[in-house]
$ cat start-v5.csv   # CSV, C-alpha atoms
chain,number,residue,atom,x,y,z
A,1,MET,CA,257.7,219.1,55.4
A,2,ARG,CA,257.0,217.9,51.9
A,3,LYS,CA,258.3,214.5,52.7
A,4,SER,CA,255.9,213.9,55.7
A,5,SER,CA,252.8,215.0,53.7
A,6,ALA,CA,253.8,212.6,50.9
A,7,ALA,CA,254.1,209.8,53.4
A,8,SER,CA,250.7,210.5,54.9
A,9,LEU,CA,249.1,210.1,51.5
A,10,ASP,CA,250.0,206.4,51.3
A,11,THR,CA,247.0,204.1,51.3
A,12,PRO,CA,246.8,202.1,54.5
A,13,ILE,CA,246.5,198.7,52.9
A,14,THR,CA,246.7,196.7,56.1
A,15,GLN,CA,243.8,198.4,57.8
A,16,MET,CA,241.8,198.3,54.6
A,17,ILE,CA,242.3,194.6,54.3
A,18,ASP,CA,241.2,194.2,57.9
A,19,ILE,CA,238.0,196.0,57.2
A,20,VAL,CA,237.4,194.1,54.0
A,21,PHE,CA,237.8,190.8,56.0
A,22,LEU,CA,235.4,192.1,58.6
A,23,LEU,CA,232.9,192.9,55.9
A,24,ILE,CA,233.2,189.5,54.4
A,25,ILE,CA,232.7,187.8,57.8
A,26,PHE,CA,229.7,190.0,58.3
A,27,PHE,CA,228.1,189.1,55.0
A,28,VAL,CA,228.7,185.4,55.6
A,29,VAL,CA,227.1,185.5,59.0
A,30,THR,CA,224.1,187.6,57.9
A,31,ALA,CA,223.6,185.4,54.8
A,32,ALA,CA,223.0,182.4,57.2
A,33,VAL,CA,220.5,184.4,59.2
A,34,ASP,CA,218.6,185.3,56.1
A,35,LYS,CA,217.1,181.8,56.1
A,36,ASP,CA,214.5,183.1,58.6
A,37,VAL,CA,212.8,185.4,56.1
A,38,VAL,CA,210.2,187.5,57.8
A,39,ASP,CA,207.4,189.1,55.8
A,40,GLU,CA,207.8,192.7,57.0
A,41,THR,CA,204.4,193.8,55.5
A,42,ILE,CA,202.6,191.8,58.1
A,43,GLY,CA,201.4,193.7,61.2
A,44,LEU,CA,200.8,191.0,63.8
A,45,ALA,CA,197.9,191.2,66.2
A,46,GLN,CA,198.7,192.3,69.7
A,47,ALA,CA,198.8,189.9,72.7
A,48,ARG,CA,198.7,191.4,76.2
A,49,TYR,CA,198.8,188.4,78.5
A,50,SER,CA,200.8,185.8,76.5
A,51,ALA,CA,204.5,185.3,77.2
A,52,ALA,CA,207.1,185.9,74.5
A,53,VAL,CA,208.6,182.8,72.9
A,54,GLU,CA,212.3,182.3,73.9
A,55,THR,CA,213.3,179.5,71.6
A,56,ASN,CA,211.7,178.3,68.4
A,57,ASP,CA,211.5,174.7,67.2
A,58,PRO,CA,214.0,174.6,64.3
A,59,ARG,CA,211.6,172.4,62.3
A,60,MET,CA,208.8,175.0,62.5
A,61,VAL,CA,207.2,175.9,59.2
A,62,VAL,CA,206.4,179.6,59.1
A,63,LEU,CA,203.4,180.6,56.9
A,64,ASN,CA,202.8,184.2,56.3
A,65,LEU,CA,199.3,185.4,55.6
A,66,ARG,CA,198.9,189.0,54.4
A,67,LYS,CA,196.0,191.4,55.0
A,68,ASP,CA,194.5,190.5,51.6
A,69,GLY,CA,194.7,186.8,52.2
A,70,GLU,CA,197.8,186.2,50.1
A,71,LEU,CA,199.8,183.3,51.5
A,72,ASN,CA,203.6,183.0,51.3
A,73,ILE,CA,206.4,181.0,52.8
A,74,ALA,CA,209.7,182.9,52.9
A,75,MET,CA,208.2,185.5,50.6
A,76,GLN,CA,207.4,182.9,48.0
A,77,PRO,CA,203.7,183.1,47.2
A,78,LEU,CA,201.8,179.9,47.0
A,79,THR,CA,198.2,178.7,46.5
A,80,LEU,CA,196.3,176.4,48.9
A,81,ASN,CA,196.9,173.5,46.5
A,82,GLN,CA,200.6,174.2,46.5
A,83,LEU,CA,200.6,174.5,50.3
A,84,GLN,CA,198.8,171.2,50.6
A,85,GLN,CA,201.4,169.4,48.4
A,86,LEU,CA,204.2,171.0,50.4
A,87,LEU,CA,202.7,170.1,53.8
A,88,ILE,CA,202.1,166.5,52.6
A,89,ALA,CA,205.8,166.2,51.6
A,90,LEU,CA,206.9,167.8,54.8
A,91,ARG,CA,204.7,165.5,56.9
A,92,THR,CA,206.1,162.5,55.1
A,93,GLN,CA,209.6,163.6,56.0
A,94,ALA,CA,209.1,165.0,59.5
A,95,GLY,CA,205.9,163.3,60.8
A,96,SER,CA,202.7,164.7,62.2
A,97,SER,CA,204.4,166.5,65.0
A,98,LEU,CA,205.8,169.1,62.6
A,99,PRO,CA,204.8,172.5,64.0
A,100,LEU,CA,203.2,175.2,61.9
A,101,LEU,CA,203.4,178.8,62.7
A,102,LEU,CA,200.9,181.1,61.2
A,103,ARG,CA,202.0,184.7,61.0
A,104,CYS,CA,198.9,186.4,60.0
A,105,ASP,CA,198.2,190.1,59.7
A,106,GLY,CA,195.9,191.4,62.4
A,107,GLU,CA,193.5,192.7,59.8
A,108,VAL,CA,193.1,189.5,57.8
A,109,GLN,CA,189.7,187.9,57.9
A,110,PHE,CA,189.3,184.6,59.7
A,111,ARG,CA,188.0,183.0,56.4
A,112,HIS,CA,191.5,183.1,55.1
A,113,ILE,CA,193.0,181.7,58.3
A,114,ASP,CA,190.3,179.0,58.3
A,115,ARG,CA,191.3,177.9,54.8
A,116,VAL,CA,194.9,177.5,55.8
A,117,MET,CA,193.9,175.6,59.0
A,118,GLN,CA,191.7,173.3,57.0
A,119,VAL,CA,194.6,172.5,54.6
A,120,ALA,CA,196.9,171.8,57.6
A,121,ALA,CA,194.3,169.6,59.2
A,122,SER,CA,193.7,167.7,56.0
A,123,THR,CA,197.4,166.8,55.7
A,124,GLY,CA,197.4,165.6,59.3
A,125,LEU,CA,199.3,168.5,60.8
A,126,TYR,CA,197.5,169.6,64.0
A,127,ARG,CA,200.2,171.5,65.8
A,128,VAL,CA,199.3,175.0,64.6
A,129,ARG,CA,200.3,178.2,66.4
A,130,ILE,CA,199.3,181.7,65.7
A,131,SER,CA,201.9,184.4,66.1
A,132,ALA,CA,201.2,187.6,68.0
A,133,GLU,CA,203.2,190.6,69.0
A,134,VAL,CA,203.7,190.8,72.7
A,135,GLN,CA,202.8,194.2,74.1
A,136,ASP,CA,205.2,195.7,76.6
B,1,MET,CA,239.2,204.3,55.4
B,2,ILE,CA,236.7,206.8,56.8
B,3,ASP,CA,234.6,206.3,53.7
B,4,ILE,CA,234.4,202.6,54.3
B,5,VAL,CA,233.6,203.1,58.0
B,6,PHE,CA,230.8,205.5,57.1
B,7,LEU,CA,229.5,203.0,54.5
B,8,LEU,CA,229.5,200.3,57.2
B,9,LEU,CA,227.7,202.6,59.6
B,10,ILE,CA,225.1,203.5,57.0
B,11,TYR,CA,224.6,199.9,56.1
B,12,PHE,CA,224.1,198.9,59.7
B,13,ILE,CA,221.6,201.7,60.3
B,14,VAL,CA,219.6,200.8,57.2
B,15,THR,CA,219.5,197.1,57.8
B,16,GLN,CA,218.9,197.3,61.5
B,17,LYS,CA,215.5,195.8,62.4
B,18,ASP,CA,213.6,196.3,65.6
B,19,GLU,CA,213.4,193.1,67.5
B,20,ILE,CA,209.7,192.1,68.0
B,21,SER,CA,209.0,189.7,70.8
B,22,GLU,CA,206.4,187.2,69.5
B,23,ALA,CA,204.0,184.9,71.4
B,24,HIS,CA,202.9,181.7,69.7
B,25,LEU,CA,199.3,180.9,70.6
B,26,ALA,CA,198.7,177.2,70.2
B,27,VAL,CA,195.4,176.0,69.0
B,28,ASN,CA,193.9,172.5,68.4
B,29,LEU,CA,192.4,171.8,65.1
B,30,PRO,CA,189.4,169.6,64.7
B,31,ALA,CA,190.4,166.3,63.0
B,32,PRO,CA,188.5,165.8,59.7
B,33,GLY,CA,185.9,163.1,60.0
B,34,ALA,CA,186.8,162.3,63.6
B,35,PRO,CA,183.8,160.6,65.4
B,36,GLN,CA,182.2,162.5,68.2
B,37,GLN,CA,182.8,160.5,71.4
B,38,GLN,CA,179.8,159.9,73.5
B,39,THR,CA,180.9,159.5,77.0
B,40,ASP,CA,179.1,159.8,80.3
B,41,ASN,CA,181.8,161.8,81.9
B,42,LYS,CA,181.8,164.7,79.5
B,43,PRO,CA,184.7,167.1,79.9
B,44,GLN,CA,184.0,170.6,81.0
B,45,LEU,CA,183.5,172.8,78.0
B,46,LEU,CA,183.3,176.5,77.7
B,47,GLU,CA,182.1,178.3,74.5
B,48,LEU,CA,183.7,181.5,73.5
B,49,GLU,CA,182.4,183.0,70.3
B,50,VAL,CA,184.5,185.4,68.3
B,51,HIS,CA,182.6,187.9,66.2
B,52,PRO,CA,184.0,191.1,64.5
B,53,GLY,CA,184.8,193.3,67.4
B,54,GLN,CA,182.8,191.3,69.9
B,55,LEU,CA,183.2,188.3,72.2
B,56,LEU,CA,180.4,186.1,73.4
B,57,LEU,CA,181.0,183.9,76.4
B,58,GLN,CA,178.5,181.0,76.7
B,59,GLY,CA,176.3,182.9,74.3
B,60,ARG,CA,176.4,186.2,76.3
B,61,ALA,CA,177.9,189.3,74.9
B,62,LEU,CA,180.3,190.8,77.4
B,63,ASP,CA,182.9,193.5,77.2
B,64,ASP,CA,186.6,192.5,77.0
B,65,SER,CA,187.4,193.0,80.7
B,66,MET,CA,184.4,191.0,81.8
B,67,VAL,CA,185.3,188.1,79.5
B,68,PHE,CA,188.9,188.1,80.8
B,69,ASP,CA,187.8,188.3,84.4
B,70,THR,CA,185.3,185.4,83.9
B,71,LEU,CA,187.8,183.3,82.1
B,72,ARG,CA,190.4,183.9,84.8
B,73,SER,CA,188.1,182.9,87.6
B,74,LEU,CA,187.0,179.8,85.7
B,75,GLY,CA,190.7,179.0,85.0
B,76,LYS,CA,191.5,179.2,88.6
B,77,GLY,CA,188.7,176.8,89.5
B,78,ASP,CA,189.5,174.3,86.7
B,79,PRO,CA,192.7,174.7,84.7
B,80,ASP,CA,191.8,171.6,82.6
B,81,LEU,CA,188.7,173.3,81.3
B,82,THR,CA,188.5,173.1,77.5
B,83,VAL,CA,187.6,176.2,75.7
B,84,MET,CA,185.8,175.9,72.4
B,85,VAL,CA,186.6,179.0,70.5
B,86,LYS,CA,184.0,179.5,67.7
B,87,VAL,CA,185.2,182.0,65.2
B,88,SER,CA,183.0,183.8,62.7
B,89,VAL,CA,184.5,183.9,59.2
B,90,ALA,CA,184.0,187.7,59.2
B,91,ALA,CA,186.1,188.1,62.3
B,92,ARG,CA,189.6,189.5,62.0
B,93,ALA,CA,192.8,187.9,63.2
B,94,ASN,CA,192.9,190.6,65.9
B,95,ASP,CA,189.7,189.3,67.3
B,96,LEU,CA,190.9,185.7,67.4
B,97,VAL,CA,194.2,186.6,68.9
B,98,LYS,CA,192.4,188.6,71.6
B,99,ALA,CA,190.3,185.6,72.5
B,100,LEU,CA,193.3,183.2,72.5
B,101,ASP,CA,195.3,185.7,74.5
B,102,PHE,CA,192.6,186.0,77.2
B,103,CYS,CA,192.6,182.3,77.5
B,104,GLN,CA,196.3,182.1,77.8
B,105,GLY,CA,196.2,184.9,80.4
B,106,ALA,CA,193.6,182.9,82.3
B,107,LYS,CA,195.8,179.8,82.2
B,108,LEU,CA,193.4,178.0,80.0
B,109,THR,CA,195.5,176.0,77.6
B,110,LYS,CA,193.1,173.5,76.1
B,111,LEU,CA,191.8,175.6,73.2
B,112,ASN,CA,189.9,174.2,70.2
B,113,VAL,CA,189.2,176.5,67.3
B,114,VAL,CA,186.2,175.9,65.2
B,115,THR,CA,184.6,178.0,62.5
B,116,LEU,CA,181.2,179.5,62.7
B,117,ARG,CA,179.5,179.3,59.3

$ encode --input "start-v5.csv" --output "structure tokens"
Amino acid sequence: MRKSSAASLDTPITQMIDIVFLLIIFFVVTAAVDKDVVDETIGLAQARYSAAVETNDPRMVVLNLRKDGELNIAMQPLTLNQLQQLLIALRTQAGSSLPLLLRCDGEVQFRHIDRVMQVAASTGLYRVRISAEVQD
Amino acid sequence: MIDIVFLLLIYFIVTQKDEISEAHLAVNLPAPGAPQQQTDNKPQLLELEVHPGQLLLQGRALDDSMVFDTLRSLGKGDPDLTVMVKVSVAARANDLVKALDFCQGAKLTKLNVVTLR
């Protein structure tokens, strides 16, 4: 009786290693997904009639515009001047067909959207899309 | 082992995000300094003004359902119709998206967004 209880107390190393490997694989996979950083503070406007997007252009530049007009890319805040410099550099690399996606909060005033659009147009990028949440 | 499994479970629950299906509403931006083309065969142009909480179609204030119905009937007649979406700086993104969404629903895809100052 004592013998069997002592044997059952051994640490199951093999299974533990399996789990550790699974964890490592999981972290590696999710770290790659983290490139698509989404600003969770943004509440998108609702769209009733538009169709949901199935696939995204991998070149798409996602600009997040918060309720207070604060602009960020992948959670990195930036000014309009910085945005302009960035877009000029991107346009030089990728050309004027580079798509921009504006993820703006539903409550943000258009004056803030307009400033971003003007910067985009001034750099020669005209493919602008505004993101909206599709209502079920 | 059970500890690790529970930790994994908690981790998945905490990091799980609800998938939001997004629509991308395309707009055309006015080119800075682009000359206005004077042609005899002017394209059909429809004006949709976006004000805070209100849409004006060809200068007339209509409720949302009326705007959508009118756009849809116009879209059926001429899908190449260009819509000039004039947006007040005081309007919210919700108002703009509503206008763009109505146009998308009415199969009107030529949308130009300009700012009302």

$ closest_residue --input "start-v5.csv" --among "A:Pro12, A:Pro99, A:Gly43, A:Gly106" --to "chain B" --atoms "all atoms listed in the file"
A:Gly106

$ closest_residue --input "start-v5.csv" --among "B:Thr109, B:Ala90, B:Gly53, B:Arg117" --to "chain A" --atoms "all atoms listed in the file"
B:Ala90

$ interface_residues --input "start-v5.csv" --of "chain A" --to "chain B" --cutoff "7 Å" --atoms "only C-alpha atoms" --output "PyMOL selection string"
chain A and resi 16+45+47-53+105-111+121-122+126-134

$ atom_distance --input "start-v5.csv" --atom1 "atom CA of A:Gln135" --atom2 "atom CA of A:Leu44"
11.0 Å

$ residues_around --input "start-v5.csv" --residues "A:Asn81" --least-positions-apart "5" --cutoff "12 Å" --atoms "only C-alpha atoms" --output "mmCIF file with C-alpha atoms, in the coordinates of the input"
data_model
loop_
_atom_site.group_PDB
_atom_site.id
_atom_site.type_symbol
_atom_site.label_atom_id
_atom_site.label_comp_id
_atom_site.auth_asym_id
_atom_site.auth_seq_id
_atom_site.Cartn_x
_atom_site.Cartn_y
_atom_site.Cartn_z
ATOM 1 C CA LEU A 71 199.800 183.300 51.500
ATOM 2 C CA LEU A 86 204.200 171.000 50.400
ATOM 3 C CA LEU A 87 202.700 170.100 53.800
ATOM 4 C CA ILE A 88 202.100 166.500 52.600
ATOM 5 C CA ARG A 115 191.300 177.900 54.800
ATOM 6 C CA VAL A 116 194.900 177.500 55.800
ATOM 7 C CA GLN A 118 191.700 173.300 57.000
ATOM 8 C CA VAL A 119 194.600 172.500 54.600
ATOM 9 C CA ALA A 120 196.900 171.800 57.600
ATOM 10 C CA SER A 122 193.700 167.700 56.000
ATOM 11 C CA THR A 123 197.400 166.800 55.700
#

$ residues_near_point --input "start-v5.csv" --point "(185.3, 179.0, 75.6)" --cutoff "7 Å" --atoms "all atoms listed in the file" --output "PyMOL selection string"
chain B and resi 45-48+57+82-85

$ atom_distance --input "start-v5.csv" --atom1 "atom CA of B:Asp78" --atom2 "atom CA of B:Leu108"
8.6 Å

$ build_atoms --input "start-v5.csv" --residues "stretch 57-81 of chain B" --atoms "N, CA and C atoms" --output "PDB file, in the frame of the given file"
ATOM      1  N   LEU B  57     180.629 184.952  75.568  1.00  0.00           N
ATOM      2  CA  LEU B  57     181.000 183.900  76.400  1.00  0.00           C
ATOM      3  C   LEU B  57     179.759 183.106  76.840  1.00  0.00           C
ATOM      4  N   GLN B  58     179.683 181.854  76.509  1.00  0.00           N
ATOM      5  CA  GLN B  58     178.500 181.000  76.700  1.00  0.00           C
ATOM      6  C   GLN B  58     177.234 181.701  76.179  1.00  0.00           C
ATOM      7  N   GLY B  59     177.407 182.324  75.019  1.00  0.00           N
ATOM      8  CA  GLY B  59     176.300 182.900  74.300  1.00  0.00           C
ATOM      9  C   GLY B  59     175.928 184.348  74.795  1.00  0.00           C
ATOM     10  N   ARG B  60     176.654 184.843  75.793  1.00  0.00           N
ATOM     11  CA  ARG B  60     176.400 186.200  76.300  1.00  0.00           C
ATOM     12  C   ARG B  60     177.420 187.169  75.850  1.00  0.00           C
ATOM     13  N   ALA B  61     176.954 188.286  75.303  1.00  0.00           N
ATOM     14  CA  ALA B  61     177.900 189.300  74.900  1.00  0.00           C
ATOM     15  C   ALA B  61     178.401 190.097  76.064  1.00  0.00           C
ATOM     16  N   LEU B  62     179.706 190.072  76.241  1.00  0.00           N
ATOM     17  CA  LEU B  62     180.300 190.800  77.400  1.00  0.00           C
ATOM     18  C   LEU B  62     181.437 191.660  76.869  1.00  0.00           C
ATOM     19  N   ASP B  63     181.770 192.674  77.660  1.00  0.00           N
ATOM     20  CA  ASP B  63     182.900 193.500  77.200  1.00  0.00           C
ATOM     21  C   ASP B  63     184.213 192.722  77.557  1.00  0.00           C
ATOM     22  N   ASP B  64     185.298 193.201  76.977  1.00  0.00           N
ATOM     23  CA  ASP B  64     186.600 192.500  77.000  1.00  0.00           C
ATOM     24  C   ASP B  64     187.013 192.176  78.473  1.00  0.00           C
ATOM     25  N   SER B  65     186.911 193.192  79.339  1.00  0.00           N
ATOM     26  CA  SER B  65     187.400 193.000  80.700  1.00  0.00           C
ATOM     27  C   SER B  65     186.550 191.968  81.443  1.00  0.00           C
ATOM     28  N   MET B  66     185.250 191.959  81.160  1.00  0.00           N
ATOM     29  CA  MET B  66     184.400 191.000  81.800  1.00  0.00           C
ATOM     30  C   MET B  66     184.704 189.559  81.317  1.00  0.00           C
ATOM     31  N   VAL B  67     184.965 189.452  80.017  1.00  0.00           N
ATOM     32  CA  VAL B  67     185.300 188.100  79.500  1.00  0.00           C
ATOM     33  C   VAL B  67     186.596 187.636  80.124  1.00  0.00           C
ATOM     34  N   PHE B  68     187.591 188.511  80.216  1.00  0.00           N
ATOM     35  CA  PHE B  68     188.900 188.100  80.800  1.00  0.00           C
ATOM     36  C   PHE B  68     188.717 187.715  82.265  1.00  0.00           C
ATOM     37  N   ASP B  69     187.986 188.546  83.013  1.00  0.00           N
ATOM     38  CA  ASP B  69     187.800 188.300  84.400  1.00  0.00           C
ATOM     39  C   ASP B  69     187.083 186.929  84.645  1.00  0.00           C
ATOM     40  N   THR B  70     186.064 186.692  83.826  1.00  0.00           N
ATOM     41  CA  THR B  70     185.300 185.400  83.900  1.00  0.00           C
ATOM     42  C   THR B  70     186.190 184.240  83.606  1.00  0.00           C
ATOM     43  N   LEU B  71     186.947 184.372  82.512  1.00  0.00           N
ATOM     44  CA  LEU B  71     187.800 183.300  82.100  1.00  0.00           C
ATOM     45  C   LEU B  71     188.874 183.013  83.201  1.00  0.00           C
ATOM     46  N   ARG B  72     189.385 184.077  83.784  1.00  0.00           N
ATOM     47  CA  ARG B  72     190.400 183.900  84.800  1.00  0.00           C
ATOM     48  C   ARG B  72     189.872 183.199  86.039  1.00  0.00           C
ATOM     49  N   SER B  73     188.662 183.583  86.446  1.00  0.00           N
ATOM     50  CA  SER B  73     188.100 182.900  87.600  1.00  0.00           C
ATOM     51  C   SER B  73     187.760 181.461  87.300  1.00  0.00           C
ATOM     52  N   LEU B  74     187.326 181.195  86.053  1.00  0.00           N
ATOM     53  CA  LEU B  74     187.000 179.800  85.700  1.00  0.00           C
ATOM     54  C   LEU B  74     188.349 179.002  85.569  1.00  0.00           C
ATOM     55  N   GLY B  75     189.392 179.648  85.091  1.00  0.00           N
ATOM     56  CA  GLY B  75     190.700 179.000  85.000  1.00  0.00           C
ATOM     57  C   GLY B  75     191.284 178.632  86.306  1.00  0.00           C
ATOM     58  N   LYS B  76     191.052 179.483  87.296  1.00  0.00           N
ATOM     59  CA  LYS B  76     191.500 179.200  88.600  1.00  0.00           C
ATOM     60  C   LYS B  76     190.829 177.968  89.216  1.00  0.00           C
ATOM     61  N   GLY B  77     189.534 177.892  88.940  1.00  0.00           N
ATOM     62  CA  GLY B  77     188.700 176.800  89.500  1.00  0.00           C
ATOM     63  C   GLY B  77     189.063 175.466  88.778  1.00  0.00           C
ATOM     64  N   ASP B  78     189.252 175.493  87.470  1.00  0.00           N
ATOM     65  CA  ASP B  78     189.500 174.300  86.700  1.00  0.00           C
ATOM     66  C   ASP B  78     190.436 174.553  85.540  1.00  0.00           C
ATOM     67  N   PRO B  79     191.734 174.387  85.755  1.00  0.00           N
ATOM     68  CA  PRO B  79     192.700 174.700  84.700  1.00  0.00           C
ATOM     69  C   PRO B  79     192.586 173.723  83.486  1.00  0.00           C
ATOM     70  N   ASP B  80     191.914 172.567  83.701  1.00  0.00           N
ATOM     71  CA  ASP B  80     191.800 171.600  82.600  1.00  0.00           C
ATOM     72  C   ASP B  80     190.538 171.889  81.735  1.00  0.00           C
ATOM     73  N   LEU B  81     189.878 172.960  82.051  1.00  0.00           N
ATOM     74  CA  LEU B  81     188.700 173.300  81.300  1.00  0.00           C
ATOM     75  C   LEU B  81     189.047 173.518  79.801  1.00  0.00           C
TER      76      LEU B  81
END
